[in-house]
file start-v3.txt (compact mmCIF, C-alpha atoms)
# COMPACT_ATOMS: atom_id res chain seq x y z
CA MET A 5 -35.12 -68.56 94.64
CA LEU A 6 -33.81 -71.41 92.52
CA GLY A 7 -31.27 -72.27 95.25
CA ARG A 8 -34.06 -72.90 97.72
CA LEU A 9 -35.93 -74.66 95.02
CA LEU A 10 -33.07 -77.07 94.42
CA LEU A 11 -32.96 -78.13 98.06
CA ARG A 12 -36.62 -78.99 97.83
CA ILE A 13 -36.01 -80.83 94.61
CA LEU A 14 -33.16 -82.80 96.15
CA GLY A 15 -35.48 -83.65 98.99
CA VAL A 16 -37.75 -85.49 96.61
CA GLY A 17 -35.07 -87.11 94.51
CA ALA A 18 -32.24 -85.64 92.49
CA THR A 19 -32.70 -87.90 89.54
CA GLY A 20 -35.60 -85.95 88.21
CA LYS A 21 -37.80 -89.02 87.96
CA SER A 22 -41.44 -88.16 87.79
CA SER A 23 -43.94 -89.40 90.29
CA PRO A 24 -46.85 -91.61 89.34
CA VAL A 25 -49.74 -89.82 87.72
CA PRO A 26 -52.09 -88.47 90.40
CA SER A 27 -54.81 -90.93 91.15
CA ASP A 28 -57.58 -88.41 91.63
CA MET A 29 -59.09 -89.16 88.27
CA GLY A 30 -62.80 -89.52 88.53
CA ALA A 31 -65.42 -90.67 86.12
CA LEU A 32 -66.80 -88.43 83.45
CA PRO A 33 -69.19 -85.72 84.61
CA ASP A 34 -72.75 -86.86 85.18
CA SER A 35 -73.84 -85.23 81.99
CA ALA A 36 -71.45 -87.36 79.94
CA SER A 37 -72.99 -89.90 77.63
CA VAL A 38 -72.06 -92.15 74.75
CA ALA A 39 -74.16 -92.27 71.66
CA THR A 40 -73.78 -94.81 68.91
CA VAL A 41 -74.82 -93.52 65.54
CA GLU A 42 -75.48 -96.03 62.79
CA MET A 43 -74.72 -94.66 59.37
CA PRO A 44 -76.86 -95.99 56.52
CA LEU A 45 -74.28 -96.30 53.74
CA ALA A 46 -73.94 -99.92 52.65
CA GLU A 47 -70.42 -101.35 52.63
CA GLU A 48 -71.01 -103.21 49.37
CA SER A 49 -70.84 -99.80 47.69
CA LEU A 50 -67.23 -99.39 48.83
CA PRO A 51 -64.32 -99.86 46.48
CA ALA A 52 -62.31 -103.04 47.15
CA VAL A 53 -59.43 -101.17 48.77
CA ALA A 54 -61.76 -99.40 51.20
CA GLN A 55 -63.50 -102.69 52.08
CA GLU A 56 -60.19 -104.34 52.90
CA ALA A 57 -59.24 -101.40 55.07
CA ALA A 58 -62.61 -101.53 56.80
CA GLU A 59 -62.00 -105.18 57.62
CA SER A 60 -58.63 -104.35 59.14
CA MET A 61 -60.23 -101.83 61.47
CA ARG A 62 -62.70 -104.36 62.89
CA GLU A 63 -60.31 -104.67 65.81
CA THR A 64 -61.51 -103.14 69.04
CA VAL A 65 -60.67 -99.49 69.58
CA ARG A 66 -60.92 -98.29 73.16
CA ILE A 67 -60.30 -94.94 74.81
CA ARG A 68 -59.55 -94.37 78.45
CA SER A 69 -62.20 -92.38 80.31
CA GLY A 70 -59.51 -90.02 81.54
CA VAL A 71 -58.62 -89.11 77.96
CA LEU A 72 -62.25 -88.34 77.14
CA ARG A 73 -62.47 -86.24 80.27
CA THR A 74 -59.39 -84.28 79.19
CA MET A 75 -60.86 -83.62 75.76
CA PHE A 76 -64.22 -82.48 77.13
CA GLU A 77 -62.65 -80.26 79.79
CA ASP A 78 -60.28 -78.71 77.30
CA PHE A 79 -63.01 -78.14 74.73
CA ARG A 80 -65.22 -76.41 77.29
CA ALA A 81 -62.35 -74.27 78.55
CA HIS A 82 -61.31 -73.42 75.00
CA ARG A 83 -64.83 -72.24 74.13
CA GLU A 84 -64.71 -69.80 77.03
CA THR A 85 -61.49 -68.12 75.91
CA ASP A 86 -61.15 -65.27 73.45
CA ARG A 87 -59.87 -67.89 70.98
CA GLY A 88 -63.03 -69.99 71.40
CA ASP A 89 -64.09 -69.53 67.77
CA GLU A 90 -60.86 -71.09 66.55
CA GLU A 91 -60.24 -74.76 65.94
CA THR A 92 -58.33 -76.61 68.63
CA GLY A 93 -56.95 -80.14 68.85
CA TRP A 94 -55.15 -82.96 70.65
CA LEU A 95 -52.49 -85.48 69.74
CA LEU A 96 -53.82 -88.96 70.57
CA LEU A 97 -51.34 -91.42 72.11
CA GLY A 98 -51.66 -95.09 72.91
CA ARG A 99 -50.75 -98.59 71.86
CA ARG A 100 -51.71 -101.06 69.19
CA GLU A 101 -52.04 -104.45 70.86
CA LEU A 102 -52.81 -107.87 69.45
CA ASP A 103 -56.49 -107.56 70.35
CA GLY A 104 -56.97 -103.95 69.36
CA VAL A 105 -56.04 -100.35 69.90
CA ILE A 106 -56.22 -98.34 73.10
CA ILE A 107 -56.04 -94.55 73.30
CA GLU A 108 -54.26 -93.77 76.55
CA GLY A 109 -53.32 -90.13 76.39
CA ALA A 110 -54.07 -86.78 74.77
CA LEU A 111 -51.59 -83.94 74.48
CA PRO A 112 -52.82 -80.35 74.10
CA PRO A 113 -52.12 -78.12 71.09
CA GLY A 114 -50.32 -75.55 73.22
CA GLU A 115 -50.62 -71.80 73.53
CA PHE A 116 -48.19 -71.36 70.64
CA ARG A 117 -50.49 -73.20 68.21
CA ASP A 118 -51.38 -71.54 64.95
CA ALA A 119 -55.16 -71.65 64.62
CA GLY A 120 -58.14 -69.88 63.16
CA VAL A 121 -61.79 -70.53 62.41
CA ALA A 122 -60.83 -73.01 59.67
CA HIS A 123 -57.49 -74.50 60.69
CA VAL A 124 -55.30 -75.63 63.58
CA ASN A 125 -51.59 -76.35 63.55
CA MET A 126 -50.53 -77.70 66.95
CA ASN A 127 -47.21 -76.98 68.65
CA SER A 128 -45.62 -80.26 67.65
CA THR A 129 -42.24 -79.41 69.17
CA ALA A 130 -43.77 -79.24 72.65
CA GLN A 131 -45.75 -82.42 71.97
CA ALA A 132 -42.57 -84.18 70.83
CA VAL A 133 -40.75 -83.22 74.04
CA ALA A 134 -43.73 -84.38 76.10
CA MET A 135 -43.75 -87.69 74.23
CA ARG A 136 -40.05 -88.24 74.97
CA MET A 137 -40.82 -87.71 78.67
CA LEU A 138 -43.77 -90.09 78.60
CA LYS A 139 -41.79 -92.79 76.82
CA ARG A 140 -39.37 -93.03 79.76
CA ASN A 141 -42.12 -94.83 81.68
CA HIS A 142 -44.17 -96.10 78.74
CA ALA A 143 -41.64 -97.30 76.21
CA ASP A 144 -44.19 -98.72 73.77
CA LEU A 145 -46.37 -95.62 73.72
CA ASP A 146 -46.97 -94.45 70.16
CA VAL A 147 -48.86 -91.73 68.33
CA LEU A 148 -52.23 -93.01 67.11
CA GLY A 149 -53.90 -90.01 65.55
CA VAL A 150 -55.32 -86.55 66.04
CA ALA A 151 -58.55 -85.08 67.39
CA HIS A 152 -59.56 -81.58 66.43
CA THR A 153 -62.63 -79.40 66.52
CA HIS A 154 -64.73 -77.67 63.92
CA PRO A 155 -66.18 -74.40 65.23
CA GLY A 156 -69.33 -74.81 63.12
CA ARG A 157 -71.41 -77.96 62.70
CA LEU A 158 -69.27 -80.10 60.37
CA ASN A 159 -69.12 -83.40 62.30
CA ARG A 160 -66.69 -85.20 60.02
CA PRO A 161 -63.27 -84.48 58.53
CA SER A 162 -63.11 -81.93 55.75
CA HIS A 163 -61.44 -82.25 52.38
CA GLY A 164 -58.64 -80.11 53.75
CA ASP A 165 -58.19 -82.54 56.64
CA TYR A 166 -57.95 -85.45 54.19
CA GLN A 167 -55.26 -83.71 52.15
CA GLY A 168 -53.00 -83.64 55.20
CA ASP A 169 -54.02 -86.85 56.96
CA SER A 170 -53.70 -89.05 53.87
CA GLN A 171 -50.08 -87.92 53.54
CA TRP A 172 -49.44 -88.41 57.24
CA VAL A 173 -50.87 -91.88 58.03
CA PRO A 174 -47.99 -93.76 56.32
CA LYS A 175 -45.83 -92.49 59.19
CA LEU A 176 -48.04 -94.25 61.74
CA ARG A 177 -47.84 -97.84 62.93
CA LYS A 178 -49.85 -100.15 60.66
CA ARG A 179 -50.06 -97.10 58.42
CA GLU A 180 -53.43 -96.05 59.70
CA GLY A 181 -54.65 -93.39 62.04
CA ILE A 182 -57.54 -92.60 64.36
CA PHE A 183 -59.20 -89.22 64.06
CA ALA A 184 -61.89 -87.40 66.01
CA ILE A 185 -63.89 -84.31 65.16
CA GLY A 186 -65.26 -82.25 68.03
CA VAL A 187 -68.36 -80.14 67.52
CA TRP A 188 -70.00 -77.75 69.97
CA ASP A 189 -73.79 -77.67 70.25
CA PHE A 190 -74.20 -80.28 67.51
CA ASP A 191 -77.40 -81.55 69.16
CA ASN A 192 -78.85 -78.06 69.55
CA SER A 193 -78.62 -76.82 66.03
CA LEU A 194 -81.79 -74.80 66.42
CA ASN A 195 -80.32 -72.89 69.33
CA SER A 196 -80.17 -69.18 68.79
CA GLY A 197 -76.81 -67.61 68.35
CA PHE A 198 -75.40 -69.97 65.72
CA ASP A 199 -74.14 -67.91 62.83
CA ALA A 200 -74.49 -70.26 59.85
CA ALA A 201 -73.07 -67.70 57.44
CA LYS A 202 -69.85 -67.61 59.45
CA TYR A 203 -69.29 -71.29 58.75
CA GLN A 204 -70.45 -71.35 55.15
CA HIS A 205 -67.20 -73.04 54.11
CA GLU A 206 -68.30 -76.11 56.13
CA GLU A 207 -71.61 -76.36 54.30
CA GLU A 208 -69.77 -76.47 51.01
CA ASP A 209 -67.82 -79.56 52.11
CA ALA A 210 -70.10 -82.36 50.93
CA ALA A 211 -67.97 -85.49 51.42
CA GLU A 212 -69.60 -88.57 52.97
CA VAL A 213 -67.82 -90.82 55.42
CA ARG A 214 -68.09 -94.53 54.61
CA GLY A 215 -68.95 -97.63 56.55
CA SER A 216 -71.11 -98.38 59.55
CA GLY A 217 -70.61 -98.80 63.26
CA SER A 218 -69.56 -95.28 64.05
CA SER A 219 -69.71 -93.80 67.52
CA SER A 220 -69.58 -90.49 69.21
CA HIS A 221 -69.02 -89.38 72.78
CA SER A 222 -70.77 -86.39 74.26
CA SER A 223 -70.66 -84.40 77.46
CA GLY A 224 -72.77 -81.31 77.89
CA ARG A 225 -72.62 -79.31 74.67
CA ALA A 226 -69.48 -80.99 73.36
CA ARG A 227 -69.48 -84.06 71.14
CA PHE A 228 -66.70 -86.01 69.45
CA PHE A 229 -67.16 -88.20 66.35
CA TRP A 230 -64.65 -90.93 65.49
CA PHE A 231 -63.04 -91.93 62.17
CA ALA A 232 -60.19 -94.01 60.77
CA LEU A 233 -58.00 -93.51 57.74
CA ALA A 234 -55.39 -95.93 56.40
CA GLN A 235 -52.75 -95.53 53.73
CA GLY A 236 -54.42 -95.80 50.33
CA ASP A 237 -57.93 -95.08 51.57
CA ASN A 238 -59.76 -92.63 49.38
CA TRP A 239 -61.77 -91.33 52.34
CA TYR A 240 -62.31 -91.80 56.09
CA ARG A 241 -64.31 -94.64 57.64
CA HIS A 242 -66.58 -94.46 60.66
CA LEU A 243 -64.98 -95.95 63.72
CA CYS A 244 -66.57 -97.49 66.79
CA VAL A 245 -64.65 -96.41 69.90
CA GLU A 246 -65.49 -97.89 73.29
CA GLU A 247 -64.80 -96.17 76.58
CA THR A 248 -62.73 -98.04 79.13
CA ALA A 249 -61.54 -97.16 82.62
CA GLY A 250 -58.16 -95.52 82.97
CA GLU A 251 -56.25 -92.32 83.45
CA ASP A 252 -54.99 -89.98 80.78
CA LEU A 253 -51.24 -90.65 80.62
CA GLY A 254 -50.72 -87.05 79.57
CA ARG A 255 -52.50 -85.59 82.59
CA GLU A 256 -49.46 -84.98 84.79
CA ILE A 257 -47.42 -83.42 82.05
CA ARG A 258 -50.27 -81.08 81.15
CA GLY A 259 -49.80 -79.38 84.52
CA HIS A 260 -46.30 -78.42 83.36
CA TRP A 261 -47.29 -77.46 79.83
CA GLU A 262 -46.58 -73.75 80.17
CA VAL A 263 -42.95 -74.23 81.18
CA LEU A 264 -42.52 -77.17 78.80
CA GLU A 265 -43.79 -75.12 75.88
CA HIS A 266 -41.63 -72.14 76.84
CA PHE A 267 -38.44 -74.21 76.64
CA ALA A 268 -39.54 -76.89 74.15
CA GLY A 269 -37.32 -75.78 71.27
CA SER A 270 -34.17 -75.79 73.39
CA ILE A 271 -35.04 -79.04 75.15
CA ASP A 272 -35.70 -80.69 71.80
CA ARG A 273 -32.27 -79.63 70.49
CA LEU A 274 -30.54 -80.73 73.70
CA VAL A 275 -32.20 -84.15 73.76
CA ARG A 276 -31.16 -84.85 70.19
CA MET A 277 -27.51 -83.98 70.90
CA GLN A 278 -27.19 -85.27 74.48
CA PRO A 279 -28.41 -88.88 74.67
CA ALA A 280 -27.62 -89.14 78.39
CA LEU A 281 -29.78 -86.13 79.27
CA GLN A 282 -32.66 -87.08 81.56
CA MET A 283 -35.88 -85.10 81.86
CA GLY A 284 -38.16 -85.06 84.87
CA LEU A 285 -41.28 -83.32 86.11
CA MET A 286 -41.42 -82.16 89.69
CA PRO A 287 -44.75 -83.35 91.14
CA LEU A 288 -47.17 -80.46 91.40
CA ASP A 289 -48.17 -81.39 94.95
CA ARG A 290 -44.58 -80.77 96.06
CA MET A 291 -43.86 -77.57 94.16
CA GLU A 292 -45.62 -74.24 94.15
CA ILE A 293 -44.83 -73.66 90.50
CA PRO A 294 -44.61 -76.27 87.73
CA THR A 295 -40.96 -77.22 87.39
CA ILE A 296 -38.98 -79.34 84.95
CA VAL A 297 -35.53 -80.68 85.80
CA LEU A 298 -32.96 -81.80 83.24
CA CYS A 299 -30.05 -83.90 84.49
CA GLN A 300 -26.82 -84.30 82.55
CA PRO A 301 -24.20 -86.73 83.95
CA LEU A 302 -20.74 -85.14 84.20
CA ALA A 303 -17.35 -86.75 83.63
CA ARG A 304 -16.61 -87.32 87.31
CA GLU A 305 -18.61 -90.22 88.73
CA GLY A 306 -21.50 -89.14 90.91
CA GLU A 307 -21.58 -85.61 89.52
CA GLU A 308 -24.33 -84.23 87.39
CA LEU A 309 -25.48 -80.91 86.04
CA GLN A 310 -29.05 -80.18 87.02
CA VAL A 311 -30.95 -77.65 84.97
CA VAL A 312 -34.02 -76.34 86.77
CA LEU A 313 -36.73 -74.78 84.60
CA GLN A 314 -39.44 -72.84 86.36
CA GLY A 315 -41.69 -70.37 84.59
CA SER A 316 -39.25 -68.54 82.33
CA GLU A 317 -36.35 -68.90 84.80
CA VAL A 318 -33.39 -71.25 84.37
CA GLY A 319 -30.96 -72.38 87.05
CA PHE A 320 -27.84 -74.56 86.60
CA PHE A 321 -26.50 -76.60 89.52
CA ARG A 322 -23.43 -78.85 89.71
CA THR A 323 -24.61 -81.54 92.06
CA THR A 324 -23.07 -84.43 93.96
CA ALA A 325 -24.51 -86.61 96.70
CA GLU A 326 -23.11 -84.20 99.29
CA LYS A 327 -23.57 -80.72 97.87
CA SER A 328 -24.87 -78.54 95.15
CA GLU A 329 -23.33 -75.40 93.66
CA GLU A 330 -25.02 -72.95 91.35
CA VAL A 331 -23.26 -72.30 88.04
CA VAL A 332 -24.14 -69.16 86.15
CA GLY A 333 -25.07 -69.31 82.51
CA THR A 334 -25.25 -65.96 80.74
CA GLN A 335 -26.64 -66.98 77.38
CA GLU A 336 -30.28 -66.15 76.89
CA ARG A 337 -31.30 -69.32 75.08
CA LEU A 338 -31.44 -72.44 77.24
CA ASP A 339 -29.40 -74.74 75.02
CA ALA A 340 -26.73 -72.08 74.42
CA ALA A 341 -26.50 -71.47 78.19
CA PHE A 342 -26.28 -75.25 78.76
CA TYR A 343 -23.19 -75.55 76.55
CA GLU A 344 -21.70 -72.41 78.08
CA VAL A 345 -22.03 -73.97 81.54
CA MET A 346 -20.70 -77.33 80.35
CA ALA A 347 -17.65 -75.61 78.85
CA ARG A 348 -17.07 -73.74 82.10
CA LEU A 349 -17.29 -76.95 84.10
CA ALA A 350 -14.89 -78.68 81.69
CA ARG A 351 -12.36 -75.92 82.37
CA GLY A 352 -12.83 -76.41 86.11
CA ALA A 353 -14.43 -73.00 86.56
CA ARG A 354 -17.80 -72.18 88.12
CA MET B 9 -30.31 -130.79 72.30
CA ASP B 10 -32.49 -132.77 69.92
CA PHE B 11 -31.17 -132.49 66.35
CA ARG B 12 -33.39 -133.86 63.61
CA PRO B 13 -34.01 -133.05 59.95
CA MET B 14 -36.89 -130.72 59.24
CA ASP B 15 -39.94 -132.27 57.68
CA SER B 16 -41.16 -130.95 54.34
CA ASP B 17 -43.74 -128.62 55.84
CA GLU B 18 -41.24 -127.09 58.25
CA ARG B 19 -38.71 -126.67 55.42
CA ARG B 20 -41.30 -124.96 53.22
CA ARG B 21 -42.35 -122.55 55.99
CA LEU B 22 -38.76 -121.70 56.80
CA LEU B 23 -37.90 -121.03 53.16
CA ASP B 24 -40.97 -118.81 52.82
CA ALA B 25 -39.95 -116.96 55.94
CA LEU B 26 -36.39 -116.45 54.70
CA ARG B 27 -37.62 -115.21 51.33
CA GLY B 28 -40.08 -112.84 53.02
CA ASN B 29 -37.41 -111.56 55.35
CA ALA B 30 -34.95 -111.04 52.49
CA ALA B 31 -37.60 -109.04 50.66
CA GLY B 32 -38.00 -106.86 53.74
CA ALA B 33 -41.64 -107.78 54.17
CA SER B 34 -41.66 -110.04 57.22
CA SER B 35 -39.82 -110.85 60.40
CA ILE B 36 -38.67 -114.32 61.47
CA LYS B 37 -39.83 -115.38 64.91
CA MET B 38 -37.93 -117.67 67.25
CA ASP B 39 -39.14 -119.54 70.30
CA PRO B 40 -36.94 -118.05 73.05
CA ARG B 41 -36.97 -121.25 75.10
CA THR B 42 -36.01 -123.76 72.42
CA THR B 43 -34.62 -121.37 69.74
CA THR B 44 -36.82 -123.17 67.18
CA PHE B 45 -38.46 -121.42 64.26
CA ALA B 46 -41.81 -120.01 65.42
CA GLY B 47 -43.30 -118.52 62.29
CA THR B 48 -43.29 -115.12 60.66
CA GLY B 49 -44.74 -111.73 61.40
CA THR B 50 -45.22 -108.40 59.77
CA MET B 51 -42.30 -106.09 60.34
CA ASP B 52 -44.54 -103.12 60.87
CA SER B 53 -46.71 -104.69 63.54
CA ASP B 54 -44.15 -106.80 65.36
CA THR B 55 -41.22 -104.47 65.68
CA PRO B 56 -41.52 -101.74 68.31
CA ARG B 57 -41.01 -98.40 66.65
CA GLY B 58 -37.96 -96.45 67.62
CA GLU B 59 -38.42 -93.23 69.53
CA ASN B 60 -37.18 -91.17 66.62
CA GLN B 61 -39.82 -92.67 64.32
CA VAL B 62 -42.52 -91.67 66.79
CA ILE B 63 -41.09 -88.18 67.19
CA ASP B 64 -40.87 -87.82 63.42
CA ALA B 65 -44.56 -88.72 63.15
CA ILE B 66 -45.47 -86.15 65.80
CA LYS B 67 -43.46 -83.39 64.16
CA SER B 68 -45.11 -84.06 60.83
CA VAL B 69 -48.72 -83.86 62.03
CA PRO B 70 -50.38 -81.83 59.27
CA VAL B 71 -52.35 -78.64 59.64
CA HIS B 72 -56.02 -79.56 59.93
CA TYR B 73 -57.61 -77.26 57.49
CA GLN B 74 -61.16 -76.79 56.25
CA GLY B 75 -61.27 -75.54 52.75

call {"tool": "encode", "arguments": {"input": "start-v3.txt", "output": "structure tokens"}}
result
Amino acid sequence: MLGRLLLRILGVGATGKSSPVPSDMGALPDSASVATVEMPLAEESLPAVAQEAAESMRETVRIRSGVLRTMFEDFRAHRETDRGDEETGWLLLGRRELDGVIIEGALPPGEFRDAGVAHVNMNSTAQAVAMRMLKRNHADLDVLGVAHTHPGRLNRPSHGDYQGDSQWVPKLRKREGIFAIGVWDFDNSLNSGFDAAKYQHEEEDAAEVRGSGSSSHSSGRARFFWFALAQGDNWYRHLCVEETAGEDLGREIRGHWEVLEHFAGSIDRLVRMQPALQMGLMPLDRMEIPTIVLCQPLAREGEELQVVLQGSEVGFFRTTAEKSEEVVGTQERLDAAFYEVMARLARGAR
Amino acid sequence: MDFRPMDSDERRRLLDALRGNAAGASSIKMDPRTTTFAGTGTMDSDTPRGENQVIDAIKSVPVHYQG
């Protein structure tokens, strides 16, 4: 099967370069809306450090409509799964420019996330591999922050969130991060079926977010509230985020997430040890099954080892401009099989 | 090439820039066309972050925990 697959892959380019992101991105669903919520707390009550930080965040923060669409679609789909009562989240990607910040992509938490009703720990290895792929075409793409949901009604970060985020933001550019909290049915709190006792821990979290000019985005029953936190801040600030046209840069890679997540650990180890290794996504409109191709240049000019990842299957192919030969790797783990095949090729064997 | 002594303001700005750079707090900018001194910037905001710095940030995303 992988032999036939390779011919098709070669037909669309053996370098493993990804195609442009599909351009079928539409606007948000009709039910989508943006609500600006003014918070009453006066800024003069802020400590000096927080006021300085608030000033620094007066720059414009924009989010592409495609990213919002991703978050709303994912949130809705998540609620319908048997893990719908758990928290879920997204890694927010984008760029800090001279005139402001733009959120250009959102990466999912992955099936291998660790989550429950009061926590979410995303599969950061898979997100790291995805980021490396995205940076091939978007070299200045950076991580900006994290969005996550609260299954109850808490529409702001919790004390537990602050404990982690305040330690993390020094690792971000400008040492500040953007955060979003997603809440389901926030505007229908009188709806039947909400089990307040189940989310009692949220009610006990009494922190107040500071500043004014906050915003939220809603679509159907989902709503996201925006915040900022910089190094040294003693709590989050409200953040005004404007929607702007544009695709979610992570959209194409999300179609390959299952296979990416399956092999993420091995790919991550290979990328760190093999700087010449190239990674590519096969466009979904040309393949029946999401496929990732890794390409490792070999010693002889014009030769490369192509590693085809499809579902849980792995195929190794020694490829030149004229032909391609399959090389068998017997090791179960991808990176171990990669080095087994490389050693075999170095000895001149197949 | 037009060589001329710096005026006092230019000399002061350049010395400030060199001191800031030596302290690791600022970058020194150069006009790429004329190679003249073009001011200072903040290291953190001017210098593109390396891929490994970005990956390190992703791998250290904390657990988001209510409690």

call {"tool": "residues_near_point", "arguments": {"input": "start-v3.txt", "point": "(-35.9, -82.6, 69.6)", "cutoff": "12 Å", "atoms": "all atoms listed in the file", "output": "VMD selection string"}}
result
(chain A and resid 128 to 137 267 to 279 281 339) or (chain B and resid 59 to 60 62 to 64 66 to 67)

call {"tool": "closest_atom_pairs", "arguments": {"input": "start-v3.txt", "of": "chain A", "to": "chain B", "cutoff": "6 Å", "atoms": "all atoms listed in the file", "output": "JSON lines"}}
result
{"residue": "A:Ala122", "atom": "CA", "partner": "B:Gln74", "partner_atom": "CA", "distance": 5.1}
{"residue": "A:His123", "atom": "CA", "partner": "B:Tyr73", "partner_atom": "CA", "distance": 4.2}
{"residue": "A:Val124", "atom": "CA", "partner": "B:His72", "partner_atom": "CA", "distance": 5.4}
{"residue": "A:Asn125", "atom": "CA", "partner": "B:Val71", "partner_atom": "CA", "distance": 4.6}
{"residue": "A:Ser128", "atom": "CA", "partner": "B:Lys67", "partner_atom": "CA", "distance": 5.2}
{"residue": "A:Ala132", "atom": "CA", "partner": "B:Ile63", "partner_atom": "CA", "distance": 5.6}
{"residue": "A:Ser162", "atom": "CA", "partner": "B:Gln74", "partner_atom": "CA", "distance": 5.5}
{"residue": "A:Gly164", "atom": "CA", "partner": "B:Tyr73", "partner_atom": "CA", "distance": 4.8}
{"residue": "A:Asp165", "atom": "CA", "partner": "B:His72", "partner_atom": "CA", "distance": 4.9}
{"residue": "A:Gly168", "atom": "CA", "partner": "B:Pro70", "partner_atom": "CA", "distance": 5.2}
{"residue": "A:Lys175", "atom": "CA", "partner": "B:Ala65", "partner_atom": "CA", "distance": 5.6}

call {"tool": "atom_distance", "arguments": {"input": "start-v3.txt", "atom1": "CA of Phe190 (chain A)", "atom2": "CA of Asn159 (chain A)"}}
result
7.9 Å

call {"tool": "atom_distance", "arguments": {"input": "start-v3.txt", "atom1": "CA of Gly98 (chain A)", "atom2": "CA of Arg177 (chain A)"}}
result
11.0 Å

call {"tool": "atom_distance", "arguments": {"input": "start-v3.txt", "atom1": "CA of Arg322 (chain A)", "atom2": "CA of Leu309 (chain A)"}}
result
4.7 Å

call {"tool": "residues_near_point", "arguments": {"input": "start-v3.txt", "point": "(-56.6, -95.3, 53.3)", "cutoff": "9 Å", "atoms": "only C-alpha atoms", "output": "MDAnalysis selection string"}}
result
chainID A and resid 53:54 57 170 173 179:180 232:241

call {"tool": "closest_residue", "arguments": {"input": "start-v3.txt", "among": "A:Gln282, A:Ser219, A:Ser316, A:Gln171", "to": "Arg140 (chain A)", "atoms": "all atoms listed in the file"}}
result
A:Gln282

call {"tool": "closest_residue", "arguments": {"input": "start-v3.txt", "among": "A:Trp94, A:Phe342, A:Phe76, A:Trp188", "to": "Val318 (chain A)", "atoms": "only C-alpha atoms"}}
result
A:Phe342

call {"tool": "residues_around", "arguments": {"input": "start-v3.txt", "residues": "Thr48 (chain B)", "least_positions_apart": "4", "cutoff": "7 Å", "atoms": "only C-alpha atoms", "output": "PyMOL selection string"}}
result
chain B and resi 25+34-37

call {"tool": "write_last_selection", "arguments": {"input": "start-v3.txt", "atoms": "C-alpha atoms", "output": "short mmCIF file (atom, residue, chain, number, x, y, z; two decimals), in the coordinates of the input"}}
result
data_model
loop_
_atom_site.label_atom_id
_atom_site.label_comp_id
_atom_site.auth_asym_id
_atom_site.auth_seq_id
_atom_site.Cartn_x
_atom_site.Cartn_y
_atom_site.Cartn_z
CA ALA B 25 -39.95 -116.96 55.94
CA SER B 34 -41.66 -110.04 57.22
CA SER B 35 -39.82 -110.85 60.40
CA ILE B 36 -38.67 -114.32 61.47
CA LYS B 37 -39.83 -115.38 64.91
#

call {"tool": "closest_residue", "arguments": {"input": "start-v3.txt", "among": "A:Glu101, A:Arg225, A:Gln314, A:Ile107", "to": "Gly70 (chain A)", "atoms": "only C-alpha atoms"}}
result
A:Ile107
